[in-house]
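Novice: Below is a structure I'd like to ask you about.
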Amino acid sequence: MVRGALAAVLSRENDLDVVAELDRSDDVLAAVSRRPHVVLLDPQLPGKVGIEDLCRKLTGRGVLVLVDHEALAATSLALVKQAPRIGLIATDSSTGQLVEAVRDVAKGLPVVDIRLAVAALKAGDNPLTDRECEVLRQVTTGATAQEIARTLSLSAGTVRNYLSRILAKTGARSRIEAIRKAQDAGWI
C-alpha cells in the first residue's frame, strides 16, 4: 500500500516517471535495465539481496533510501558512509521533501536527512549480518522458524542456525531478549 502511495505521489509530478514498483529486493537489479535515473529503496524490502549490496551494485544512477529514524539499524551507518553517492531520507518526511530529494539525487546532489546521520553515528557497530537482522525482524512478528523459512526462502534448519548465531552474538538467552537487545542497540 505504501509503495503504491509513493508511486502515485511521484507520478503526479510532471518531470518524474515511475518505471517500476517492486515487492522484492531480488527484482531490483533486473528492473534497472529500464534505466531509471533514481532508484528509491526501502531497507525492509524482503528478498535475498540486502540493501547494502544493492546500494553498492547500483552504480551510474541515483539511489535514495527510505529509512525509519525511529527503528534505525546499524546497517544505516554503512549506508550513511556511502553518502553522497546514495541519498537517505526519513520515512516521516513530507511528500514535498521526498519529491525534492528524488530530484536532487537525480541531479547528483547529496541528500542525507540530518536526523538519520546523527542516529546512524550513535547506533554503533552491528555484529549481526544483514540476513541475521532480516531473520530477527521476522521473529519480532511472532513467526515460527518454519514460517520464517517460507518467507525468506530458506530451510527451517538454516533459520534455526541463524537464530543460534543471533543468540550467541547478542549474548541473549532467548529470542525475546535478542530482539530487545537488537532493538535497543538500533540494529533492527
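We label chains A, B, ... in the order they appear in the C-alpha cells, count residues from 1 in each chain, and number ligands from 1 in the order shown.
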Write out as a list in words the residues lying within 10 Å of region 46-56 of chain A, counting only C-alpha atoms and excluding same-chain residues fewer than 6 positions away.
Specialist: Asp23, Arg24, Ser25, Asp26, Asp27, Val28, Leu29, Val39, Gly62, Val63, Leu64, Val65, Thr75, Ser76, Ala78, Leu79, Gln82, Arg85, Ile86, Thr129, Asp130, Arg131, Glu134, Thr151, Leu152, Ser153 and Leu154 of chain A
Novice: Within 8 Å of region 176-183 of chain A, which residues of region 60-160 of chain A come that close, and what is the closest atom pair and distance in Å for each? Count only C-alpha atoms and give it as CSV.
Specialist:
```
residue,atom,partner,partner_atom,distance
A:Ala71,CA,A:Gln183,CA,7.5
A:Leu136,CA,A:Ile179,CA,6.7
A:Arg137,CA,A:Ile179,CA,8.0
A:Val139,CA,A:Ile179,CA,7.9
A:Thr140,CA,A:Ile179,CA,6.8
```
Novice: Mind writing the picked residues with N, CA, C and O atoms as a short mmCIF file (atom, residue, chain, number, x, y, z; two decimals), in the first residue's frame?
Specialist:
```cif
data_model
loop_
_atom_site.label_atom_id
_atom_site.label_comp_id
_atom_site.auth_asym_id
_atom_site.auth_seq_id
_atom_site.Cartn_x
_atom_site.Cartn_y
_atom_site.Cartn_z
N ALA A 71 13.43 3.37 13.99
CA ALA A 71 13.89 1.98 14.04
C ALA A 71 15.19 1.86 13.24
O ALA A 71 15.38 0.94 12.47
N LEU A 136 15.83 -11.90 12.41
CA LEU A 136 15.38 -11.38 13.71
C LEU A 136 14.17 -10.47 13.56
O LEU A 136 13.26 -10.49 14.39
N ARG A 137 14.12 -9.69 12.49
CA ARG A 137 12.93 -8.85 12.24
C ARG A 137 11.70 -9.73 12.03
O ARG A 137 10.60 -9.39 12.48
N VAL A 139 11.28 -12.63 13.43
CA VAL A 139 10.96 -13.15 14.76
C VAL A 139 10.08 -12.15 15.51
O VAL A 139 9.19 -12.54 16.26
N THR A 140 10.30 -10.86 15.30
CA THR A 140 9.52 -9.84 16.01
C THR A 140 8.04 -9.92 15.65
O THR A 140 7.20 -9.45 16.41
#
```
Novice: When DSSP works through the backbone of this structure, what residues of chain A end up as helix (DSSP H, G or I), shown as a short mmCIF file (atom, residue, chain, number, x, y, z; two decimals) with C-alpha atoms, in the first residue's frame?
Specialist:
```cif
data_model
loop_
_atom_site.label_atom_id
_atom_site.label_comp_id
_atom_site.auth_asym_id
_atom_site.auth_seq_id
_atom_site.Cartn_x
_atom_site.Cartn_y
_atom_site.Cartn_z
CA VAL A 2 2.79 2.42 0.92
CA ARG A 3 4.70 1.56 -2.26
CA GLY A 4 1.61 2.36 -4.34
CA ALA A 5 1.06 5.62 -2.49
CA LEU A 6 4.67 6.69 -3.06
CA ALA A 7 4.41 5.79 -6.74
CA ALA A 8 1.19 7.81 -7.03
CA VAL A 9 2.78 10.85 -5.38
CA LEU A 10 5.83 10.70 -7.65
CA SER A 11 3.74 10.04 -10.78
CA SER A 25 14.82 -6.77 -3.43
CA ASP A 26 15.76 -9.66 -5.73
CA ASP A 27 13.97 -7.89 -8.61
CA VAL A 28 15.68 -4.51 -8.30
CA LEU A 29 18.79 -5.21 -10.37
CA ALA A 30 16.72 -6.64 -13.24
CA ALA A 31 14.44 -3.57 -13.19
CA VAL A 32 17.45 -1.30 -13.55
CA SER A 33 17.58 -2.38 -17.22
CA ARG A 34 14.75 0.15 -17.70
CA ILE A 51 20.14 -3.12 0.96
CA GLU A 52 23.88 -2.51 1.30
CA ASP A 53 24.64 -4.88 -1.57
CA LEU A 54 22.02 -3.19 -3.74
CA CYS A 55 23.45 0.24 -3.00
CA ARG A 56 26.95 -0.95 -3.92
CA LYS A 57 25.75 -2.55 -7.16
CA HIS A 69 14.76 7.01 12.04
CA GLU A 70 12.79 5.52 14.94
CA ALA A 71 13.89 1.98 14.04
CA THR A 75 23.09 -1.07 8.68
CA SER A 76 22.15 2.56 8.13
CA LEU A 77 25.59 3.58 9.38
CA ALA A 78 27.07 1.71 6.43
CA LEU A 79 24.55 3.44 4.18
CA VAL A 80 25.45 6.87 5.61
CA LYS A 81 29.08 6.10 4.80
CA THR A 95 5.75 14.23 0.24
CA GLY A 96 7.25 17.54 -0.86
CA GLN A 97 10.56 16.65 0.78
CA LEU A 98 10.50 13.22 -0.89
CA VAL A 99 9.87 14.72 -4.33
CA GLU A 100 12.68 17.25 -3.85
CA ALA A 101 15.01 14.51 -2.61
CA VAL A 102 14.31 12.43 -5.74
CA ARG A 103 15.02 15.46 -7.92
CA ASP A 104 18.22 16.28 -6.02
CA VAL A 105 19.51 12.70 -6.24
CA ALA A 106 18.74 12.69 -9.98
CA ILE A 114 20.42 15.07 9.40
CA ARG A 115 18.42 13.07 11.97
CA LEU A 116 19.34 9.85 10.18
CA ALA A 117 23.01 10.79 10.02
CA VAL A 118 23.16 11.58 13.74
CA ALA A 119 21.17 8.47 14.72
CA ALA A 120 23.31 6.22 12.49
CA LEU A 121 26.50 7.57 14.02
CA LYS A 122 25.15 6.84 17.50
CA ALA A 123 23.98 3.31 16.59
CA ASP A 130 22.05 -8.42 7.05
CA ARG A 131 20.46 -11.86 6.85
CA GLU A 132 20.56 -12.32 10.63
CA CYS A 133 18.85 -8.93 11.03
CA GLU A 134 16.24 -10.00 8.48
CA VAL A 135 15.61 -13.25 10.40
CA LEU A 136 15.38 -11.38 13.71
CA ARG A 137 12.93 -8.85 12.24
CA GLN A 138 10.78 -11.81 11.19
CA VAL A 139 10.96 -13.15 14.76
CA ALA A 145 11.16 -20.96 12.26
CA GLN A 146 9.09 -22.72 9.60
CA GLU A 147 7.17 -19.53 8.75
CA ILE A 148 10.39 -17.52 8.58
CA ALA A 149 11.91 -20.20 6.35
CA ARG A 150 8.98 -19.95 3.92
CA THR A 151 9.06 -16.15 3.91
CA LEU A 152 12.82 -15.93 3.31
CA ALA A 156 13.85 -24.35 8.77
CA GLY A 157 17.25 -25.76 9.82
CA THR A 158 19.03 -22.76 8.30
CA VAL A 159 16.70 -20.41 10.18
CA ARG A 160 17.43 -22.26 13.43
CA ASN A 161 21.18 -21.91 12.71
CA TYR A 162 20.73 -18.16 12.16
CA LEU A 163 18.78 -17.92 15.42
CA SER A 164 21.56 -19.75 17.30
CA ARG A 165 24.16 -17.35 15.91
CA ILE A 166 21.95 -14.37 16.77
CA LEU A 167 21.65 -15.56 20.37
CA ALA A 168 25.41 -16.06 20.60
CA LYS A 169 26.26 -12.68 19.07
CA THR A 170 23.79 -10.76 21.22
CA ARG A 175 14.64 -14.81 21.13
CA ILE A 176 12.73 -12.14 23.05
CA GLU A 177 15.91 -10.99 24.79
CA ALA A 178 17.77 -10.96 21.45
CA ILE A 179 15.02 -8.80 19.93
CA ARG A 180 15.15 -6.39 22.88
CA LYS A 181 18.94 -6.10 22.76
CA ALA A 182 18.99 -5.64 18.99
CA GLN A 183 16.24 -3.01 19.09
CA ASP A 184 17.86 -1.15 22.00
CA ALA A 185 21.17 -1.07 20.12
#
```
Novice: With only C-alpha atoms as the basis for distance, which of A:Leu22, A:Val67, A:Leu58, A:Leu40 is at the shortest distance from Asp92 (chain A)?
Specialist: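 Ranked by minimum distance to Asp92 (chain A), first place goes to A:Val67.
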Novice: Based on the backbone DSSP call, show me all residues of region 8-178 of chain A assigned strand (DSSP E or B), as a ChimeraX atom specification.
Specialist: /A:38-41,62-67,86-90,112
Novice: Could you please take those selected residues and save C-alpha atoms as a PDB file, in the first residue's frame?
Specialist:
```pdb
ATOM      1  CA  VAL A  38      16.830   7.285  -9.441  1.00  0.00           C
ATOM      2  CA  VAL A  39      16.140   4.056  -7.572  1.00  0.00           C
ATOM      3  CA  LEU A  40      14.046   4.567  -4.431  1.00  0.00           C
ATOM      4  CA  LEU A  41      14.656   1.740  -1.931  1.00  0.00           C
ATOM      5  CA  GLY A  62      20.975   7.887  -8.147  1.00  0.00           C
ATOM      6  CA  VAL A  63      19.914   5.823  -5.168  1.00  0.00           C
ATOM      7  CA  LEU A  64      17.586   7.188  -2.497  1.00  0.00           C
ATOM      8  CA  VAL A  65      16.889   5.037   0.575  1.00  0.00           C
ATOM      9  CA  LEU A  66      13.867   5.498   2.829  1.00  0.00           C
ATOM     10  CA  VAL A  67      14.915   4.952   6.437  1.00  0.00           C
ATOM     11  CA  ILE A  86      23.387   7.450  -2.184  1.00  0.00           C
ATOM     12  CA  GLY A  87      20.735   9.607  -0.572  1.00  0.00           C
ATOM     13  CA  LEU A  88      18.978   8.936   2.711  1.00  0.00           C
ATOM     14  CA  ILE A  89      15.585  10.336   3.608  1.00  0.00           C
ATOM     15  CA  ALA A  90      13.403   9.638   6.636  1.00  0.00           C
ATOM     16  CA  VAL A 112      21.122  12.988   3.810  1.00  0.00           C
TER      17      VAL A 112
END
```
Novice: Take CA of Ser93 (chain A) and CA of Pro127 (chain A) and report the distance between them in Å, one decimal.
Specialist: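 Computing it gives 29.3 Å between the two atoms.
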Novice: Given the choices A:Leu128, A:Pro84, A:Ser155, A:Trp187, which gets closest to Lys107 (chain A) if the distance is worked out from only C-alpha atoms?
Specialist: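 Under the stated criterion, the closest residue is A:Pro84.
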Novice: What gap, in Å, lies between CA of Gly171 (chain A) and CA of Asn126 (chain A)?
Specialist: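 Interatomic distance, CA of Gly171 (chain A) to CA of Asn126 (chain A): 13.2 Å.
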Novice: Take CA of Pro110 (chain A) and CA of Ile188 (chain A) and report the distance between them in Å, one decimal.
Specialist: 25.3 Å
